[in-house]
Structures are given as structure tokens and as C-alpha cells.
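upload.pdb (PDB, C-alpha atoms) appears below.
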ATOM      1  CA  MET N   4      52.060 284.523  99.029  1.00  0.00           C
ATOM      2  CA  PRO N   5      53.189 282.930 102.303  1.00  0.00           C
ATOM      3  CA  LYS N   6      55.178 279.739 102.348  1.00  0.00           C
ATOM      4  CA  LEU N   7      53.292 276.530 103.084  1.00  0.00           C
ATOM      5  CA  LYS N   8      54.395 274.217 105.850  1.00  0.00           C
ATOM      6  CA  THR N   9      55.021 270.534 105.215  1.00  0.00           C
ATOM      7  CA  LYS N  10      53.375 268.143 107.669  1.00  0.00           C
ATOM      8  CA  SER N  11      56.268 266.781 109.708  1.00  0.00           C
ATOM      9  CA  GLY N  12      54.641 263.360 110.014  1.00  0.00           C
ATOM     10  CA  ALA N  13      54.245 263.106 106.244  1.00  0.00           C
ATOM     11  CA  LYS N  14      57.849 263.941 105.439  1.00  0.00           C
ATOM     12  CA  LYS N  15      58.970 261.116 107.719  1.00  0.00           C
ATOM     13  CA  ARG N  16      56.637 258.520 106.198  1.00  0.00           C
ATOM     14  CA  PHE N  17      56.343 259.278 102.481  1.00  0.00           C
ATOM     15  CA  ARG N  18      58.635 259.864  99.503  1.00  0.00           C
ATOM     16  CA  MET N  19      57.761 261.002  95.999  1.00  0.00           C
ATOM     17  CA  THR N  20      58.791 259.155  92.846  1.00  0.00           C
ATOM     18  CA  ALA N  21      59.992 260.940  89.724  1.00  0.00           C
ATOM     19  CA  THR N  22      56.603 260.396  88.062  1.00  0.00           C
ATOM     20  CA  GLY N  23      54.689 261.969  90.966  1.00  0.00           C
ATOM     21  CA  LYS N  24      53.538 258.836  92.743  1.00  0.00           C
ATOM     22  CA  VAL N  25      53.876 258.469  96.508  1.00  0.00           C
ATOM     23  CA  LYS N  26      55.959 255.699  98.082  1.00  0.00           C
ATOM     24  CA  HIS N  27      55.444 254.471 101.635  1.00  0.00           C
ATOM     25  CA  GLY N  28      56.982 251.851 103.858  1.00  0.00           C
ATOM     26  CA  GLY N  29      55.474 248.467 104.553  1.00  0.00           C
ATOM     27  CA  VAL N  30      52.926 248.042 107.309  1.00  0.00           C
ATOM     28  CA  MET N  31      52.269 245.296 109.886  1.00  0.00           C
ATOM     29  CA  LYS N  32      55.934 244.612 110.641  1.00  0.00           C
ATOM     30  CA  ARG N  33      56.320 246.185 114.085  1.00  0.00           C
ATOM     31  CA  HIS N  34      54.732 243.950 116.700  1.00  0.00           C
ATOM     32  CA  ARG N  35      52.652 240.781 117.090  1.00  0.00           C
ATOM     33  CA  LEU N  36      54.794 239.031 114.502  1.00  0.00           C
ATOM     34  CA  ILE N  37      54.444 235.563 116.049  1.00  0.00           C
ATOM     35  CA  ARG N  38      50.881 235.104 114.835  1.00  0.00           C
ATOM     36  CA  ARG N  39      51.688 236.140 111.260  1.00  0.00           C
ATOM     37  CA  SER N  40      52.856 233.619 108.705  1.00  0.00           C
ATOM     38  CA  SER N  41      56.321 233.839 107.177  1.00  0.00           C
ATOM     39  CA  LYS N  42      54.782 234.475 103.771  1.00  0.00           C
ATOM     40  CA  ARG N  43      52.793 237.435 105.061  1.00  0.00           C
ATOM     41  CA  LYS N  44      55.866 238.948 106.727  1.00  0.00           C
ATOM     42  CA  LEU N  45      57.928 238.375 103.590  1.00  0.00           C
ATOM     43  CA  HIS N  46      55.462 240.216 101.361  1.00  0.00           C
ATOM     44  CA  ALA N  47      55.327 243.170 103.773  1.00  0.00           C
ATOM     45  CA  ARG N  48      58.983 244.021 103.077  1.00  0.00           C
ATOM     46  CA  GLY N  49      60.202 247.078 101.241  1.00  0.00           C
ATOM     47  CA  THR N  50      58.317 250.087  99.945  1.00  0.00           C
ATOM     48  CA  PHE N  51      54.982 250.314  98.171  1.00  0.00           C
ATOM     49  CA  ILE N  52      53.111 252.811  96.004  1.00  0.00           C
ATOM     50  CA  LEU N  53      50.274 254.581  97.788  1.00  0.00           C
ATOM     51  CA  SER N  54      46.783 254.009  96.401  1.00  0.00           C
ATOM     52  CA  ALA N  55      45.414 256.523  93.922  1.00  0.00           C
ATOM     53  CA  SER N  56      42.629 257.593  96.281  1.00  0.00           C
ATOM     54  CA  ASP N  57      45.054 258.524  99.092  1.00  0.00           C
ATOM     55  CA  THR N  58      47.681 260.224  96.910  1.00  0.00           C
ATOM     56  CA  PRO N  59      46.001 263.687  96.614  1.00  0.00           C
ATOM     57  CA  ARG N  60      45.727 264.005 100.388  1.00  0.00           C
ATOM     58  CA  VAL N  61      49.410 263.245 100.919  1.00  0.00           C
ATOM     59  CA  LYS N  62      50.395 265.675  98.160  1.00  0.00           C
ATOM     60  CA  LEU N  63      48.547 268.423 100.043  1.00  0.00           C
ATOM     61  CA  TRP N  64      50.608 267.640 103.127  1.00  0.00           C
ATOM     62  CA  MET N  65      53.854 267.868 101.136  1.00  0.00           C
ATOM     63  CA  PRO N  66      53.447 270.927  98.882  1.00  0.00           C
ATOM     64  CA  TYR N  67      57.091 271.210  97.750  1.00  0.00           C
ATOM     65  CA  ASN N  68      57.826 267.562  96.965  1.00  0.00           C
ATOM     66  CA  ARG N  69      56.217 267.362  93.546  1.00  0.00           C
TER      67      ARG N  69
END

For this file, write the structure as C-alpha cells.
Amino acid sequence: MPKLKTKSGAKKRFRMTATGKVKHGGVMKRHRLIRRSSKRKLHARGTFILSASDTPRVKLWMPYNR
């Protein structure tokens, strides 16, 4: 069986937890920050768990990170 390649974009953006969930970084923190409230920017900090509907797709992109 040939080895499977990991999507290089996925390995930069996602990490797996020990229970098999997918973590990702916060969004909406790169540009146009003046128009966003401080509360909205504060809650966009840190890492988040990917939604259950998107998790299978990301796991296909990262076959050896399970």
C-alpha cells in the first residue's frame, strides 16, 4: 500500500487532540481590526475545536495524525 501524503496547508493550520478532535486557530484577527469591538477581538483569541461536520474532512487531509 503506498504512503498517503498529508495536505501541507492542513498540517500548518490544524492540530489533533488526544481524544481525536481537531483544534484550529482563531479567525478574524488579521486585518480590519478597527471596526471590530474589543469584546469580539477578545473572544477570538486562542484555539478552538473544529465543528463536528468539518472534522472528517480534515482527518482525511491528515491521515497519520490520529

Pull the neighbourhood of (54.4, 259.1, 100.7) for me: all residues within 7 Å in file coordinates, counting only C-alpha atoms, as a PDB file with C-alpha atoms, in the coordinates of the input.
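Result file part13.pdb:
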ATOM      1  CA  ALA N  13      54.245 263.106 106.244  1.00  0.00           C
ATOM      2  CA  ARG N  16      56.637 258.520 106.198  1.00  0.00           C
ATOM      3  CA  PHE N  17      56.343 259.278 102.481  1.00  0.00           C
ATOM      4  CA  ARG N  18      58.635 259.864  99.503  1.00  0.00           C
ATOM      5  CA  MET N  19      57.761 261.002  95.999  1.00  0.00           C
ATOM      6  CA  VAL N  25      53.876 258.469  96.508  1.00  0.00           C
ATOM      7  CA  LYS N  26      55.959 255.699  98.082  1.00  0.00           C
ATOM      8  CA  HIS N  27      55.444 254.471 101.635  1.00  0.00           C
ATOM      9  CA  LEU N  53      50.274 254.581  97.788  1.00  0.00           C
ATOM     10  CA  VAL N  61      49.410 263.245 100.919  1.00  0.00           C
TER      11      VAL N  61
END

ask   = Exactly which residues make up the result of the PyMOL selection byres ((chain N and resi 45) around 12) on this file, given as a ChimeraX atom specification?
value = /N:29-32,36,39-44,46-49

Got time to write the residues from that selection, C-alpha atoms, as a PDB file, in the coordinates of the input?
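Output file selection31.pdb is given in full below:
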ATOM      1  CA  GLY N  29      55.474 248.467 104.553  1.00  0.00           C
ATOM      2  CA  VAL N  30      52.926 248.042 107.309  1.00  0.00           C
ATOM      3  CA  MET N  31      52.269 245.296 109.886  1.00  0.00           C
ATOM      4  CA  LYS N  32      55.934 244.612 110.641  1.00  0.00           C
ATOM      5  CA  LEU N  36      54.794 239.031 114.502  1.00  0.00           C
ATOM      6  CA  ARG N  39      51.688 236.140 111.260  1.00  0.00           C
ATOM      7  CA  SER N  40      52.856 233.619 108.705  1.00  0.00           C
ATOM      8  CA  SER N  41      56.321 233.839 107.177  1.00  0.00           C
ATOM      9  CA  LYS N  42      54.782 234.475 103.771  1.00  0.00           C
ATOM     10  CA  ARG N  43      52.793 237.435 105.061  1.00  0.00           C
ATOM     11  CA  LYS N  44      55.866 238.948 106.727  1.00  0.00           C
ATOM     12  CA  HIS N  46      55.462 240.216 101.361  1.00  0.00           C
ATOM     13  CA  ALA N  47      55.327 243.170 103.773  1.00  0.00           C
ATOM     14  CA  ARG N  48      58.983 244.021 103.077  1.00  0.00           C
ATOM     15  CA  GLY N  49      60.202 247.078 101.241  1.00  0.00           C
TER      16      GLY N  49
END

Please write as a PDB file with C-alpha atoms, in the frame of the given file the list of polymer residues whose atoms come within 10 Å of (51.1, 266.6, 101.9), counting all atoms listed in the file and keeping to the coordinates of the file.
ATOM      1  CA  LYS N   8      54.395 274.217 105.850  1.00  0.00           C
ATOM      2  CA  THR N   9      55.021 270.534 105.215  1.00  0.00           C
ATOM      3  CA  LYS N  10      53.375 268.143 107.669  1.00  0.00           C
ATOM      4  CA  SER N  11      56.268 266.781 109.708  1.00  0.00           C
ATOM      5  CA  GLY N  12      54.641 263.360 110.014  1.00  0.00           C
ATOM      6  CA  ALA N  13      54.245 263.106 106.244  1.00  0.00           C
ATOM      7  CA  LYS N  14      57.849 263.941 105.439  1.00  0.00           C
ATOM      8  CA  PHE N  17      56.343 259.278 102.481  1.00  0.00           C
ATOM      9  CA  THR N  58      47.681 260.224  96.910  1.00  0.00           C
ATOM     10  CA  PRO N  59      46.001 263.687  96.614  1.00  0.00           C
ATOM     11  CA  ARG N  60      45.727 264.005 100.388  1.00  0.00           C
ATOM     12  CA  VAL N  61      49.410 263.245 100.919  1.00  0.00           C
ATOM     13  CA  LYS N  62      50.395 265.675  98.160  1.00  0.00           C
ATOM     14  CA  LEU N  63      48.547 268.423 100.043  1.00  0.00           C
ATOM     15  CA  TRP N  64      50.608 267.640 103.127  1.00  0.00           C
ATOM     16  CA  MET N  65      53.854 267.868 101.136  1.00  0.00           C
ATOM     17  CA  PRO N  66      53.447 270.927  98.882  1.00  0.00           C
ATOM     18  CA  TYR N  67      57.091 271.210  97.750  1.00  0.00           C
ATOM     19  CA  ASN N  68      57.826 267.562  96.965  1.00  0.00           C
ATOM     20  CA  ARG N  69      56.217 267.362  93.546  1.00  0.00           C
TER      21      ARG N  69
END

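Across the structure, CA of Thr22 (chain N) and CA of Lys6 (chain N) are spaced 24.1 Å apart.
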
Padding of 5 Å on every side, edges along x, y and z, all listed atoms of region 45-62 of chain N included: what centre and edge lengths in Å, to one decimal, does that box have, as AutoDock Vina command-line options?
--center_x 51.4 --center_y 252.0 --center_z 98.8 --size_x 27.6 --size_y 37.3 --size_z 19.9

note = Pairwise distance, CA of Asp57 (chain N) with CA of Lys15 (chain N), equals 16.6 Å

Mind filling out region 29-42 of chain N with N, CA and C atoms and sending it as a compact mmCIF listing (two decimals), keeping the file's coordinate frame?
# COMPACT_ATOMS: atom_id res chain seq x y z
N GLY N 29 56.39 249.57 104.28
CA GLY N 29 55.47 248.47 104.55
C GLY N 29 54.82 248.59 105.92
N VAL N 30 53.66 247.99 106.05
CA VAL N 30 52.93 248.04 107.31
C VAL N 30 52.87 246.64 107.91
N MET N 31 52.43 246.55 109.16
CA MET N 31 52.27 245.30 109.89
C MET N 31 53.58 244.53 110.07
N LYS N 32 54.66 245.26 110.40
CA LYS N 32 55.93 244.61 110.64
C LYS N 32 56.54 245.03 111.99
N ARG N 33 55.75 245.61 112.87
CA ARG N 33 56.32 246.18 114.08
C ARG N 33 56.14 245.30 115.33
N HIS N 34 54.98 244.75 115.50
CA HIS N 34 54.73 243.95 116.70
C HIS N 34 53.72 242.88 116.37
N ARG N 35 53.54 241.94 117.28
CA ARG N 35 52.65 240.78 117.09
C ARG N 35 53.03 239.97 115.86
N LEU N 36 54.32 239.73 115.69
CA LEU N 36 54.79 239.03 114.50
C LEU N 36 54.70 237.52 114.64
N ILE N 37 54.50 237.01 115.85
CA ILE N 37 54.44 235.56 116.05
C ILE N 37 53.22 234.97 115.36
N ARG N 38 52.12 235.66 115.40
CA ARG N 38 50.88 235.10 114.84
C ARG N 38 50.81 235.22 113.32
N ARG N 39 51.72 235.97 112.71
CA ARG N 39 51.69 236.14 111.26
C ARG N 39 52.55 235.10 110.58
N SER N 40 52.11 234.64 109.43
CA SER N 40 52.86 233.62 108.70
C SER N 40 54.12 234.23 108.10
N SER N 41 55.08 233.37 107.79
CA SER N 41 56.32 233.84 107.18
C SER N 41 56.06 234.48 105.82
N LYS N 42 55.12 233.93 105.09
CA LYS N 42 54.78 234.48 103.77
C LYS N 42 54.23 235.90 103.89
